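J.: Before anything else, here's the structure in question.
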There are 4 protein chains.
Amino acid sequence: MFFASDNTSPAHPKVIEAITRANEGYPHSYGADQIMADVRARIRDLFEAPDAAVYLVASGTAANALILATLVQPWQAVFCHRAAHVETDECGAPEFYTGGAKLVLIDGGHAKISPDGLKRALSATGQVGVHGVQRGMLSLTNVIENGTIYTPAEVAELAAIAHADGLPVHMDGARFANAVAAAGCTPAQVTWKAGVDALSFGGTKNGLIGVEGVIFFDPKHAWEFELRRKRAGQLLSKHRYLSAQMQAYLDGDLWQKMATDANAAARRLSEGILTIEGASLVHPTEANGVFASWPRAGHRRAHEAGAEYYFWPENQSLEGPDDEQLAARLMCSWSTTKADVDRFLDLIRG
Amino acid sequence: MFFASDNTSPAHPKVIEAITRANEGYPHSYGADQIMADVRARIRDLFEAPDAAVYLVASGTAANALILATLVQPWQAVFCHRAAHVETDECGAPEFYTGGAKLVLIDGGHAKISPDGLKRALSATGQVGVHGVQRGMLSLTNVIENGTIYTPAEVAELAAIAHADGLPVHMDGARFANAVAAAGCTPAQVTWKAGVDALSFGGTKNGLIGVEGVIFFDPKHAWEFELRRKRAGQLLSKHRYLSAQMQAYLDGDLWQKMATDANAAARRLSEGILTIEGASLVHPTEANGVFASWPRAGHRRAHEAGAEYYFWPENQSLEGPDDEQLAARLMCSWSTTKADVDRFLDLIRG
Amino acid sequence: MFFASDNTSPAHPKVIEAITRANEGYPHSYGADQIMADVRARIRDLFEAPDAAVYLVASGTAANALILATLVQPWQAVFCHRAAHVETDECGAPEFYTGGAKLVLIDGGHAKISPDGLKRALSATGQVGVHGVQRGMLSLTNVIENGTIYTPAEVAELAAIAHADGLPVHMDGARFANAVAAAGCTPAQVTWKAGVDALSFGGTKNGLIGVEGVIFFDPKHAWEFELRRKRAGQLLSKHRYLSAQMQAYLDGDLWQKMATDANAAARRLSEGILTIEGASLVHPTEANGVFASWPRAGHRRAHEAGAEYYFWPENQSLEGPDDEQLAARLMCSWSTTKADVDRFLDLIRG
Amino acid sequence: MFFASDNTSPAHPKVIEAITRANEGYPHSYGADQIMADVRARIRDLFEAPDAAVYLVASGTAANALILATLVQPWQAVFCHRAAHVETDECGAPEFYTGGAKLVLIDGGHAKISPDGLKRALSATGQVGVHGVQRGMLSLTNVIENGTIYTPAEVAELAAIAHADGLPVHMDGARFANAVAAAGCTPAQVTWKAGVDALSFGGTKNGLIGVEGVIFFDPKHAWEFELRRKRAGQLLSKHRYLSAQMQAYLDGDLWQKMATDANAAARRLSEGILTIEGASLVHPTEANGVFASWPRAGHRRAHEAGAEYYFWPENQSLEGPDDEQLAARLMCSWSTTKADVDRFLDLIRG
């Protein structure tokens, strides 16, 4: 019953096998290994993007911050939602990597940027000539931090607004696999076909040990990115072990299978919670995270049984009336079992 | 016959086993895993430094740059050798991480800083008040880039000069294990007992997949380092896989055993080369790298047989008179076998 | 009838005289001139702060950004109002100078931070350990961008909240003289006695050519500031011409006299506008800026007669119904005459 | 007898007059004043560069650092002489403004870069792919720090080498007027016609209060520079006072006249020193600085009489044998009189 985060789950056994297999011989280092060549080709195929520049780094913060730094100037604004991971959970990595660009925060329900919200932010920025920061780029998270997704059509609408101002679009896809599985679309449909210029293609939260892909659909950014990655200490010498993880991820669509399983577990959890009297969803369950509230008594039983998850927001307490509703975030992963879900539901149902 | 770099060698099988073992359950992420707690305790023991702040990152450039950024102000100088990795091979990562500190370069044979060289550099820096950069810190590499080492006494002499000016001392120990094995000293003797304030404790070049320890012997730097690491995207969520590698490294002194084997292979190689007529060493062989020259004909035979290594400097050619001496760098690792060495020697000997 | 900005007004004749007087001999450069020694002593007297570190720079953005960089770490937050000059009008200078600190924006009427607003912002920041930016400092503007002021008691209340969290407090006093004149307090009362740690002591908008004082009430920041100023290219070699301006500013309380005159002009303007039918104030007139609305017909007459000022917000138009209310910002300076004010009032009154 | 620096001299009276004249009315701020429009047109004429982007800032360090930041990427190298002002006297401003670019230092007599020295530096940089910093740009100082100059032909030779690698060329012309006067060339001949892409057009050391022109001969850099200038706090609101100084500088070729006078004073001084027994020049006297040595007894007499200048290097002493040669730097300015020079010569001659 570990719902604290999808990054506490183990890696898929096939990933460990791939690393074990890669542990032979003396391939070239720094990404010149043959496995990476294969990974690059497959990702281009998968995304129907034969010219895309494809890289691997070891953390999601690194993937995001390096992409932002490549796409934005220090005196420009990155438009993102107030709840975006780049704003709330990266300790200012975007500001560090970009040399001091400004994150301009957009409000909106379920941590989702609305077309109107984006338009308002755009028109309020860059109106005072040299005195204010300039419009720079748009960053979307998909799956969104609050568990909902942007559909290809929604991405396209936002990207069109950004592009009309000449701004490139980044997608933070730490849970990209879950978003694709939820939307039932192809990777291309929700990215470059919808106007996304660069993608953080997450693996760590979905069954890898620690690998995130970076994809620029326009290869003109390739060399600058490579220099920025190296300079940031994010180019690993024994790169083959990143390559091997990503190869296993792509093999037999393991990435989609794991995401589909995680999403199904969340749906089962969500549906189960809604059968509890007084329980409700804080955000719709669209991918692998459930944001729901149920009576404190159920929380107490779960905690006593060792279940791990976060209150959402965190400043709630197990102390208090039994029937008060407390909200929580429950993250599922590829390794969440039906038994886990059902046992948890039994506990909170009482 | 792969002598191109110690970072092309595979990881030790025990490291893979450790990762496999770690792939269970749902431990806390971001370094709060139990394995890390054990690693921290063991490193403190190993270094006889019960208060040391101990961290893991995934690349040597990250370890170095983060330590420099923690120890130096943007308007200060990092004193290092002209051939230091931080100057030549990190694409300006130190300047990026420190916010623009200046590397002041010291000359000296075998890429080694001499006490006089350091004193001259110190007295030439910070003499014009606010107009010039201020003296900041000293960074030493051990094993040195050209294959020699600083003994504990040599480190102590340099550190005393730095400390007399109030400057902290960093040791880039990408090959720290090989240096310790070569010097026949304890880890403490060549670090804090000799005046080193922070160490990049290398693992990647010595049999790990990709882990470098960061050790501050004075824990006052801990919190700042943690924030800098996070902000740099260098704090990995599934940290247990870094922890597991380092735990395996420490288990049964695997780190020292691997380094001792690598050094022995280099010595065998070095001694063998010196039996070739006209061959000579460019730098003494003190650890796991051999810098030597031998006739072109021997290089040709080695290349034809598939041996991999770098000319040193690189701008030399297989084309030319047979008996001309060409210099090369040959790096050995834990996995270099006697058979590899002997076969290579046979080839270049002719 | 020039009400566009207080920085379009000429310098006071005594300032030109002082520059002319300073144009003799060969004093030491870079701030080691005798006039600066006198200025430093007088500012310490004026602020009853015998240990204060006192500097001069040539722009308000430089004064603010250098102070922020000295008081905040790159991974920390600067709390300020959403309408603060450091956020809206400096093109990201704070992010540049601080190495990427984050401005956390507080809402509140009349561009004024309320104690509750500050508390909410503080409690929403720095709650996720190493993952989010840390609480860093508070920056207040006085006179506030919308023309109101913080009284000493209001400053004290906000500073106490910041200090309770260990955060230093900066006051952007681009119009500090006007704030002091409006509050009828001493400079010390509204700064260090109320908890302000560093002040941008504006001169440019109040009759100087281009000089802003920087005052750290705790001199421990002195050396760091001096290095940052030099490194930023903000240490002028022929510093005596900055010193001379500031000396003239302090002589015979010229700074207070000019501010008092500017405030009086604004009050006359404000009171005159309120006699117009339908006119109203958007913000109270407390210092040298009037934020008011009156019918479009009056705006048209003023524009036709060559009056200069900004609509506030700017996206309003002279085209439209005569009796619609349009809001404007009218800035007065030391050189605004009663005749200017009265002529303008006659025009808009019709 | 003030030879310490050309930045301790007063401004030319015509500059003060110009500032006084400019102190009328309410022109637009931030460089939109009419005087600046005139200055821009005149500088374009003077440099035969009708499309040049022309700006003014208040310090030479700002001019240099902003130009470097506009022309170089953070992961690139700025090639300059080891004795260049940007390396030795700006406290790391280039590193700060560029986001951590690396200054690659070239040796060479009289602080002058030789074509061979430049070629060697270029071929030693950017040879290891992504691992090292990339070649970025060339920065020349003219007048050179040691008092000699680059002729148009010398600039052209160096610029051609840089351009062959695609690198832009900056000229730090803090003493540009003296260099032009010394070379007897036009401003265009020693700048864009010789391959210079951007010029710091010094005024402060040559009779202004504090103004440096920034000229990009290719206007494509204009907007980026404007944003960088604002963001750095280097865009002054009451810009007309900078404009007025520069206008006076250009009026009737005052800039050339002052430089010619300063150079003549230096020549007189240099020739006089050489008549002293045992005296010699350390560097040729080509512009307004004299680098010479003469017996200690002469230094003592000069110091006792209140002459001001620097030993060069500074670590020499008035204590010691009378006839030992001590080297010094003597800077002349527009205001150095023949009487000053002759009195000084009498003193050191004894």
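Going through the structure tokens in order, the chains are called A, B, and so on, while each chain numbers its residues from 1 and the ligands are numbered from 1 in the order shown.
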What residues in chain B have any atom no more than 6 Å from chain A when counting only C-alpha atoms, and can you write them as a list in words?

T.: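 That gives Thr8, Ser9, Pro10, Asn23, Glu24, Tyr26, Pro27, Ser29, Ser59, Thr61, Ala62, Cys91, Gly92, Ala93, Arg231, Ala232, Gly233 and Leu236 of chain B for chain B.
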
J.: Neighbouring residues of Cys80 in chain C were defined as those with any atom within 8 Å, considering only C-alpha atoms; residues of the same chain fewer than 3 positions away were excluded. Please report them as a list in words.

T.: Ala84, Glu87, Leu103, Val104, Leu105, Ile106, Ile113, Leu138, Ser139 and Leu140 of chain C

J.: Nearest residue to Phe217 in chain D out of D:Ile67, D:Leu347, D:Leu269, D:Ala174, using only C-alpha atoms?

T.: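 For Phe217 in chain D, the nearest of the candidates is D:Ile67.
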
J.: Please identify the strand (DSSP E) residues within range 93-338 of chain C (assignment by DSSP from backbone atoms) and present them as a PyMOL selection string.

T.: chain C and resi 102-106+134-141+169-173+198-202+212-216+280-283+289-295+310-311+325-331

J.: For Val143 in chain D, please output as JSON, numbers by chain all residues within 8 Å (counting only C-alpha atoms; exclusion window: fewer than 6 positions along the same chain).

T.: {"D": [149, 150, 173, 174, 175, 176, 178, 179, 287]}

J.: If DSSP is run on the backbone, what residues of range 119-325 of chain C are alpha helix (DSSP H)? A reply as a PyMOL selection string would be ideal.

T.: chain C and resi 119-123+152-164+176-183+222-231+240-250+254-274+296-304

J.: With only C-alpha atoms as the counted atoms, please give the residues lying no more than 8 Å from Gln325 in chain B, apart from itself and same-chain residues fewer than 5 positions off, as JSON, numbers by chain.

T.: {"B": [278, 279, 293, 294, 295, 296]}

J.: Skip Ala49 in chain A itself and residues of its chain fewer than 5 positions away, then list as a ChimeraX atom specification all residues within 12 Å of it, counting only C-alpha atoms.

T.: /A:40-44,54,187-189,191-193,197-198,215-219

J.: Name the closest residue to Asp342 in chain B among the candidates B:Glu48, B:Glu226, B:Glu271, B:Asp322; distances are taken between atoms, counting only C-alpha atoms.

T.: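 Once distances to Asp342 in chain B are computed over only C-alpha atoms, the minimum belongs to B:Glu271.
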